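Worksheet: one structure, shown below.
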Amino acid sequence: MRLPSKILFLGWWLTRQWWTTMGQHADLPVPSISVTPSRVVAPGENVSIHCKVKENLGGCLYLTRAEYTNQKTVDIKEEKHFEEPFLIANVRQSNAGIYWCRYCTCGPSSCSDFSEAAYVNITDPDLDKPSLIMTSSGQNSPGGNVTLKCQGPEEGLAFALLKSGSQIAFQAAEARRDTAEFLLWMLSLKDAASYTCQYHHTSNSFVWSEPSSPVELDFRAKREDGGHTEDDQQRKAKFMIIIWACSAAGLLLLGFLLLFVFVLYRRRKKRSLAKKEDRPASMSLETYAGKDADDIAYAELNHQPLKAKPAAIPVTAQESCVYAPVVKSGTRKGQ
């Protein structure tokens, strides 16, 4: 007959206190512990328990396991590379339980405190599988709730709810009942996944049944009231975001294009003004208003059609020139 887990815990605590008072050394590093794989494994698989310290003091790493009312050293390895794996090949139900690591001098004359506890859980193929039933119809309503009921073959069981293979909830069945109900609030598409459940007897917390048949929660279907699911709403929101992004990009490109045209126009305008300033200024009639008449030459424009005429031969006539003195009146008196 297996002892309850409470008695196991009490025995582990008493043994830990004894080890602490007898051989604890405050200067020795407390190792960390991890199990690979961390899920519940099937018989025949391999399990690695990793003990790791932050510094190398030339000591040894001790792997211990709880057995009923005491702790048993399973294996000892000399610490060489700050981390030493303890391999459990072809795991059996007898390997299931609680494990700790401890760092000691290779004697041991003094030891560190125990690490945190790590758990090795194994399935038992001989146990009947539980059944998982959905008792509400809210699987297509994000923001609502869904109740999953896990039922085992007998009373006195503890159930675990798994989402995509990872445990997310744990609950013991009530007295004289063989079921446990899990209430889930479906908040987003992340909750649309595959759910299963497992159980173990309260007298043996590390031997589990195999998972139940999966229950799929899907939000992609439309609701009966004609509305859209969260999937449709998210697609619509993403589509609107794409439209707004494209519109913003188009406006930004148009702004750059207008700015380029404006800069080009200003440059051309400056060039034309510079060319006009280099030319001589045209003189209007007002410019000559203050000049003497002798300095202005006038030409009469003939608007008749231009016709070709033979050039006239200039006639030179010899004329005599007569000069006479001109005397202004009043210059001389009495003459």
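FYI, nothing fancy with the structure tokens labels: chains A, B, ... in order, residues from 1 per chain, ligands from 1 as they appear.
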Subject >> Contact residues around stretch 117-129 of chain A with only C-alpha atoms at 7 Å, ignoring same-chain residues under 3 positions, as a VMD selection string >> reply: chain A and resid 33 to 35 40 to 43 93 96 to 100 153 206 to 212
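Candidate residues A:Ser247, A:Ser94, A:Ser166, A:Thr147 were compared for distance to A:Asn204, and the nearest is A:Ser94, using only C-alpha atoms.
Proximity ranking of A:Ile76, A:Leu157, A:Leu132, A:Leu61 relative to A:Arg176 places A:Leu157 first, based on only C-alpha atoms.
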Original post:
Residues of stretch 104-202 of chain A in strand (DSSP E) according to DSSP, as a ChimeraX atom specification?
Top reply: /A:104,118-120,122-123,131-134,145-151,157-163,166-172,179-185,194-201
**OP:** Could you tell me, as a PyMOL selection string, which residues of stretch 4-192 of chain A DSSP assigns to helix (DSSP H, G or I) when given the backbone?
**Re:** chain A and resi 5-23+93-95+189-191
Original post:
Skipping near chain neighbours, those fewer than 3 positions away, what residues fall within 8 Å of A:Ala169 using only C-alpha atoms, listed as a ChimeraX atom specification?
Top reply: /A:160-162,182
Just all heavy atoms for this one: save the residues we selected as a compact mmCIF listing (two decimals), in the first residue's frame.
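After the write, result14.txt holds the following:
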```txt
# COMPACT_ATOMS: atom_id res chain seq x y z
N ALA A 160 -6.06 17.00 -13.76
CA ALA A 160 -5.29 18.10 -14.35
C ALA A 160 -5.85 18.38 -15.74
O ALA A 160 -6.13 17.44 -16.51
CB ALA A 160 -3.81 17.76 -14.44
N LEU A 161 -6.03 19.65 -16.06
CA LEU A 161 -6.50 20.07 -17.37
C LEU A 161 -5.30 20.55 -18.18
O LEU A 161 -4.50 21.36 -17.69
CB LEU A 161 -7.53 21.19 -17.25
CG LEU A 161 -8.14 21.68 -18.56
CD1 LEU A 161 -8.97 20.58 -19.22
CD2 LEU A 161 -9.00 22.93 -18.34
N LEU A 162 -5.17 20.05 -19.40
CA LEU A 162 -4.04 20.38 -20.26
C LEU A 162 -4.53 21.11 -21.50
O LEU A 162 -5.55 20.74 -22.11
CB LEU A 162 -3.27 19.12 -20.66
CG LEU A 162 -2.57 18.33 -19.55
CD1 LEU A 162 -3.52 17.32 -18.91
CD2 LEU A 162 -1.34 17.62 -20.08
N PHE A 182 -13.92 22.36 -14.81
CA PHE A 182 -13.01 23.47 -15.04
C PHE A 182 -13.75 24.55 -15.83
O PHE A 182 -14.26 24.28 -16.92
CB PHE A 182 -11.78 23.01 -15.81
CG PHE A 182 -10.97 21.96 -15.11
CD1 PHE A 182 -11.20 20.61 -15.33
CD2 PHE A 182 -9.97 22.34 -14.21
CE1 PHE A 182 -10.46 19.65 -14.68
CE2 PHE A 182 -9.22 21.38 -13.55
CZ PHE A 182 -9.46 20.04 -13.78
```
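In this structure, atom CA of A:Ala192 sits 4.9 Å away from atom CA of A:Leu217.
Minimum atom-to-atom distances from A:Ile133, A:Ile241, A:Leu253, A:Cys246 to A:Tyr195 were compared using only C-alpha atoms, and the lowest value belongs to A:Ile133.
Among the candidate residues A:Ser131, A:Pro29, A:Ser38, A:Cys197, the one lying nearest to A:Phe159 is A:Cys197, with distances computed using only C-alpha atoms.
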Subject >> Proximity to A:His50 - best of A:Glu84, A:Leu28, A:Gln198, A:Thr73, only C-alpha atoms >> reply: A:Glu84
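Atom CA of A:Asn46 is positioned 17.9 Å from atom CA of A:Thr64.
With only C-alpha atoms as the atoms that count, the minimum distance from A:Asp178 to the choices A:Glu55, A:Glu154, A:Asp191, A:Glu79 is reached by A:Glu154.
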